[in-house]
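Shown next, in structure tokens, is the structure this report addresses.
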Amino acid sequence: MAEFLSLQDAVEGNIGDGDFVAMEGFTHLIPFAAGHEVIRQGRKDLTVSRMTPDLIYDQLIGMGAVDKLVFSWGGNPGVGSLHRMRDAVENEWPRPLAIEEHSHAAMANAYEAGAANLPFAMFRGYIGVDLPKVNPRIGSVTCPYTGEILATVPALRPDVAVIHALRADRAGNVLLEGIVGAQKEAVLAARRSIVTVEEIVDDFGPRSPNAVILPAWTVTAIALVPGGAYPSYAHGYYKRANAFYKAWDAIARDRDTFRAWMRENVLEKGPDDFRQYAARAA
Amino acid sequence: MTEPYTPTEIMTVVAARALRNDDVCFVGIGAPSAACNLARLTHAPGITLIYESGTIDTRPEVLPLSIGDGELCETALTTVSVPEMFRYWLQGGRVTVGFLGGAQIDRFANLNTTVVGAYDNPKVRLPGGGGAPEIAVHCGEIFITMAMSRRGFVAKLPFVTSLGHGTGKGSREALGVCTKGPTRLITDLCVLEPDQETSEMSVVSLHPGVTRDQLRENCGWDLRFVAVPEETPPPTEEELAVLRELHDRTRRAHGGEDA
């Protein structure tokens, strides 16, 4: 049953060194505040999965928290490279980074297989391409009915899923709206979950009966962190900070500039500092 | 440059013209996104644009920076989860055109966006495939838009991220793929289409003022031309005006916050 905790306690109690962590959110609702807390607490040797590593994993990788990355598109959307990820892959800085690379379809299916308690995902994909030659975890299966050969990937079963959602109610149920990515699947595939939210409300109020809701009994910890998705965004609360995504290119390009930025904006800050981004849009 | 438009502008305009009003189009970010929205704002107001973030029939006022900007969801007919997008809509065969860009391309329009150099010891680590490997086989046909250069148009790809025409005519069929693959490649200098006999991408039209030598200088293989290549009709005043207004709105929207 979901427990309301501070973000510090939620991370301390649920993420350990060496854990397999999925911080999901497809462009929207990326849990940056939680990622920063993991960095502040000095977690290391993590295996992390995300379809799009985005700035959040660029930061974790650049700070040396990650041992292995499972991903499907590692760029800064519309801007260019993730320079910290590239530096780790190309130059092993600040430490070697193992990668397990997939396509989006494969990862989306792998989260869904995890949520469905299946050992692997099956889909029609990876046809005529080189990724199966360099990723031994991509396999195939023959359809028993038609004989068609289909691609397989192992289900993703993280120790911990970390997501940012719009609202929780006092009972600990969680509401997501807008671009919902693969967060529901990631939470249901994981052993534990941490959810940061913009607001805690008495009642969700009028909503579609088909709204994406994670019942309290599927969530481990909830932390109130308004603005916690910045520079990603929260539908109906604040917009994606596209200007920051562009600015990140210069910050992350240089190792010293990156470290100075992380010291000033992450190591010396806390979850409450995200509040300003939520307030700005209000 | 004496033309009243830039090479990127004519590339975007010509790419937009390739789209039809009744297309259901899976949109890649960057140049494809500009072309698809230009088509929607000019000759194809009924086009259904789909972004991999799950937004279906989206009509953004400004170009998104990412494939998941809030603008896409707010203006969409509906938004589905990412697993649903890839399973029901893309793999389900509901998309008529996939619009891709790439870092490198070969003569059969296979694309590389993964790595330059050895995979395990890369010279340049590129972002990777994202949705492209499955977009390339599940959409009815594929349009590709990218600027021409020797670095991008290479004789041999170091890595095949998404399938074009493989090693030539019949490659896709041999792999059990029934869709057409790349039917049009729109560059800043010319337009290419697959040869009917070999499936090699061949120049069907040169943009105004562009010479064959200029194309050869910017291509890493021995470029083929159809018997009588045409001259690409230049952008109209309306096409340019709509494109520039779209870019102006986009710049104001993306620059207006924090930086």
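All residue names refer to the structure tokens as shown: chains lettered A, B, ... in order, residues numbered from 1 in each chain, ligands numbered from 1 in order.
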Shell around region 12-19 of chain B at 9 Å using only C-alpha atoms, local window under 2 positions removed, as a PyMOL selection string: chain B and resi 7-10+21-23+25+31-32+34-40+42-44+47+97+143-145+184-188+191+232-236+239-240+243
Restricted to N, CA and C atoms, what would the selected residues look like written as a short mmCIF file (atom, residue, chain, number, x, y, z; two decimals), in the first residue's frame?
```cif
data_model
loop_
_atom_site.label_atom_id
_atom_site.label_comp_id
_atom_site.auth_asym_id
_atom_site.auth_seq_id
_atom_site.Cartn_x
_atom_site.Cartn_y
_atom_site.Cartn_z
N PRO B 7 18.52 25.98 -49.39
CA PRO B 7 18.46 24.54 -49.72
C PRO B 7 17.57 23.77 -48.74
N THR B 8 17.61 24.13 -47.48
CA THR B 8 16.77 23.44 -46.49
C THR B 8 15.30 23.72 -46.76
N GLU B 9 14.99 24.96 -47.16
CA GLU B 9 13.59 25.30 -47.45
C GLU B 9 13.05 24.50 -48.63
N ILE B 10 13.82 24.39 -49.70
CA ILE B 10 13.29 23.64 -50.85
C ILE B 10 13.18 22.16 -50.48
N ASN B 21 -3.44 14.04 -48.92
CA ASN B 21 -4.46 14.46 -47.95
C ASN B 21 -5.01 13.28 -47.14
N ASP B 22 -5.04 12.09 -47.74
CA ASP B 22 -5.63 10.95 -47.03
C ASP B 22 -4.56 10.06 -46.39
N ASP B 23 -3.31 10.53 -46.32
CA ASP B 23 -2.26 9.73 -45.69
C ASP B 23 -2.41 9.69 -44.17
N CYS B 25 0.32 9.36 -41.42
CA CYS B 25 1.77 9.51 -41.50
C CYS B 25 2.41 9.44 -40.11
N ALA B 31 13.58 17.49 -39.58
CA ALA B 31 13.15 17.83 -40.94
C ALA B 31 11.82 17.15 -41.31
N PRO B 32 11.62 15.86 -41.00
CA PRO B 32 10.32 15.25 -41.35
C PRO B 32 9.14 15.98 -40.69
N ALA B 34 8.83 19.11 -39.85
CA ALA B 34 8.56 20.38 -40.55
C ALA B 34 7.80 20.10 -41.85
N ALA B 35 8.24 19.09 -42.60
CA ALA B 35 7.61 18.78 -43.88
C ALA B 35 6.17 18.32 -43.68
N CYS B 36 5.94 17.46 -42.70
CA CYS B 36 4.60 16.91 -42.49
C CYS B 36 3.62 18.01 -42.08
N ASN B 37 4.07 18.93 -41.24
CA ASN B 37 3.18 19.99 -40.81
C ASN B 37 2.98 21.03 -41.89
N LEU B 38 3.99 21.23 -42.74
CA LEU B 38 3.81 22.11 -43.89
C LEU B 38 2.74 21.53 -44.83
N ALA B 39 2.80 20.23 -45.05
CA ALA B 39 1.79 19.58 -45.90
C ALA B 39 0.39 19.81 -45.32
N ARG B 40 0.28 19.64 -44.00
CA ARG B 40 -1.01 19.80 -43.33
C ARG B 40 -1.53 21.24 -43.46
N THR B 42 -0.86 23.28 -45.93
CA THR B 42 -1.03 23.73 -47.32
C THR B 42 -2.01 22.81 -48.07
N HIS B 43 -1.49 21.80 -48.78
CA HIS B 43 -2.35 21.03 -49.69
C HIS B 43 -3.01 19.81 -49.04
N ALA B 44 -2.62 19.45 -47.81
CA ALA B 44 -3.14 18.21 -47.22
C ALA B 44 -3.74 18.45 -45.84
N ILE B 47 -4.64 15.38 -43.58
CA ILE B 47 -3.65 14.35 -43.27
C ILE B 47 -3.67 14.01 -41.76
N VAL B 97 2.32 6.05 -44.43
CA VAL B 97 3.64 6.61 -44.73
C VAL B 97 4.43 6.83 -43.45
N PHE B 143 9.13 7.71 -46.76
CA PHE B 143 9.81 8.86 -47.34
C PHE B 143 10.97 9.21 -46.41
N ILE B 144 12.08 9.58 -47.02
CA ILE B 144 13.25 9.97 -46.23
C ILE B 144 13.67 11.36 -46.65
N THR B 145 13.99 12.21 -45.71
CA THR B 145 14.53 13.52 -46.05
C THR B 145 15.81 13.76 -45.28
N ARG B 184 10.76 7.39 -51.79
CA ARG B 184 11.23 8.73 -52.16
C ARG B 184 12.25 9.23 -51.14
N LEU B 185 13.33 9.78 -51.66
CA LEU B 185 14.38 10.37 -50.83
C LEU B 185 14.53 11.82 -51.28
N ILE B 186 14.19 12.72 -50.38
CA ILE B 186 14.19 14.14 -50.72
C ILE B 186 15.38 14.81 -50.06
N THR B 187 16.28 15.37 -50.84
CA THR B 187 17.46 16.03 -50.28
C THR B 187 17.38 17.54 -50.55
N ASP B 188 18.41 18.25 -50.10
CA ASP B 188 18.48 19.69 -50.33
C ASP B 188 18.88 20.01 -51.78
N VAL B 191 15.82 14.97 -55.81
CA VAL B 191 14.89 13.93 -55.34
C VAL B 191 15.30 12.61 -55.98
N THR B 232 13.15 20.12 -60.44
CA THR B 232 12.14 20.22 -59.39
C THR B 232 11.45 21.57 -59.47
N PRO B 233 10.12 21.61 -59.49
CA PRO B 233 9.46 22.93 -59.44
C PRO B 233 9.85 23.66 -58.16
N PRO B 234 10.26 24.92 -58.27
CA PRO B 234 10.70 25.66 -57.08
C PRO B 234 9.54 25.88 -56.11
N PRO B 235 9.85 26.18 -54.84
CA PRO B 235 8.79 26.48 -53.87
C PRO B 235 7.95 27.66 -54.35
N THR B 236 6.64 27.57 -54.13
CA THR B 236 5.78 28.70 -54.47
C THR B 236 5.87 29.74 -53.34
N GLU B 239 3.92 28.41 -50.36
CA GLU B 239 4.64 27.37 -49.59
C GLU B 239 5.70 27.99 -48.69
N LEU B 240 6.46 28.94 -49.27
CA LEU B 240 7.53 29.57 -48.49
C LEU B 240 6.96 30.39 -47.34
N LEU B 243 5.71 28.07 -44.56
CA LEU B 243 6.85 27.45 -43.88
C LEU B 243 7.56 28.44 -42.96
#
```
Using DSSP secondary structure from the backbone, list all strand (DSSP E) positions within region 86-166 of chain B, as a PyMOL selection string. chain B and resi 97-100+104-105+111-112+115-117+122-125+141-145
From region 99-175 of chain A, collect each residue whose DSSP state is alpha helix (DSSP H) and return the set as a ChimeraX atom specification. /A:104-115,131-134
Give me, as a ChimeraX atom specification, the residues of chain A touching chain B, with the criterion being at most 8 Å (counting only C-alpha atoms). /A:26-28,51,72-75,77-79,81-82,86,89-90,102-105,108-109,112,123-131,134,178-182,233,235,239-244,247
Mind checking which residues fall within 8 Å of Glu12 (chain A), counting only C-alpha atoms, ignoring those fewer than 4 positions away in the same chain, and posting them as an mmCIF file with N, CA and C atoms, in the first residue's frame?
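And here's around_31.cif as it stands now:
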```
data_model
loop_
_atom_site.group_PDB
_atom_site.id
_atom_site.type_symbol
_atom_site.label_atom_id
_atom_site.label_comp_id
_atom_site.auth_asym_id
_atom_site.auth_seq_id
_atom_site.Cartn_x
_atom_site.Cartn_y
_atom_site.Cartn_z
ATOM 1 N N GLN A 8 13.519 12.116 -0.012
ATOM 2 C CA GLN A 8 14.749 11.530 0.557
ATOM 3 C C GLN A 8 14.474 10.140 1.111
ATOM 4 N N GLY A 16 18.678 0.804 -3.770
ATOM 5 C CA GLY A 16 19.985 0.471 -3.210
ATOM 6 C C GLY A 16 21.041 0.411 -4.297
ATOM 7 N N GLN A 41 22.205 11.094 -3.122
ATOM 8 C CA GLN A 41 22.444 10.030 -2.144
ATOM 9 C C GLN A 41 23.608 9.116 -2.542
#
```
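For Val70 (chain A), the list of residues within 8 Å, based on only C-alpha atoms and with local chain neighbours fewer than 4 positions off taken out, reads A:Thr47, A:Val48, A:Ser49, A:Arg50, A:Met51, A:Ile99, A:Glu100, A:Glu101, A:His102.
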Excluding region 210-222 of chain B and its own-chain neighbours fewer than 6 positions away, which residues fall within 8 Å of it when counting only C-alpha atoms? Please give them as a compact mmCIF listing (two decimals) with N, CA and C atoms, in the first residue's frame.
```
# COMPACT_ATOMS: atom_id res chain seq x y z
N ARG B 107 23.06 3.48 -50.97
CA ARG B 107 22.39 3.59 -52.27
C ARG B 107 21.03 2.88 -52.29
N MET B 148 22.23 16.33 -48.45
CA MET B 148 23.25 15.52 -49.11
C MET B 148 24.65 15.94 -48.70
N SER B 149 25.50 14.96 -48.40
CA SER B 149 26.91 15.22 -48.15
C SER B 149 27.66 13.90 -48.25
N ARG B 150 28.95 13.97 -48.45
CA ARG B 150 29.75 12.74 -48.55
C ARG B 150 29.75 11.98 -47.24
N ARG B 151 29.67 12.72 -46.13
CA ARG B 151 29.67 12.07 -44.83
C ARG B 151 28.36 11.31 -44.59
N GLY B 152 27.28 11.84 -45.16
CA GLY B 152 25.98 11.22 -44.92
C GLY B 152 25.58 10.20 -45.98
N PHE B 153 26.00 10.41 -47.23
CA PHE B 153 25.64 9.50 -48.32
C PHE B 153 26.85 8.62 -48.60
N VAL B 154 26.87 7.42 -47.99
CA VAL B 154 28.10 6.62 -47.97
C VAL B 154 27.92 5.32 -48.78
N ALA B 155 29.06 4.83 -49.31
CA ALA B 155 29.04 3.60 -50.12
C ALA B 155 28.67 2.40 -49.26
N LEU B 189 19.28 18.98 -52.55
CA LEU B 189 19.74 19.22 -53.91
C LEU B 189 18.91 18.52 -54.98
N CYS B 190 18.24 17.43 -54.59
CA CYS B 190 17.56 16.63 -55.61
C CYS B 190 16.55 15.68 -54.96
```
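If you measure from each of B:Glu193, B:Gly140, B:Ala103, B:Leu246 to Phe225 (chain B) using only C-alpha atoms, the closest one turns out to be B:Glu193.
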Figure out the distance between CA of Ala109 (chain B) and CA of Lys156 (chain B), please, to one decimal in Å. 11.0 Å
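The shell of residues at most 10 Å from Val38 (chain A), with only C-alpha atoms counted and near chain neighbours (fewer than 4 positions) removed, consists of Leu7, Gln8, Val11, Glu12, Ile15, Gly16, Phe32, Ala33, Ala34, Gly42, Arg43, Lys44, Leu60 and Ala65 of chain A.
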Convert the current residue selection to file output with C-alpha atoms, as a compact mmCIF listing (two decimals), in the first residue's frame.
```
# COMPACT_ATOMS: atom_id res chain seq x y z
CA LEU A 7 11.58 12.12 -1.48
CA GLN A 8 14.75 11.53 0.56
CA VAL A 11 14.74 6.95 -2.36
CA GLU A 12 16.68 5.84 0.72
CA ILE A 15 16.75 2.21 -4.14
CA GLY A 16 19.98 0.47 -3.21
CA PHE A 32 13.99 14.65 -12.67
CA ALA A 33 13.65 15.49 -8.96
CA ALA A 34 13.86 11.81 -8.08
CA GLY A 42 25.44 8.72 -4.08
CA ARG A 43 23.82 5.53 -5.38
CA LYS A 44 26.21 3.54 -7.55
CA LEU A 60 23.21 10.00 -13.69
CA ALA A 65 26.03 6.30 -10.81
```
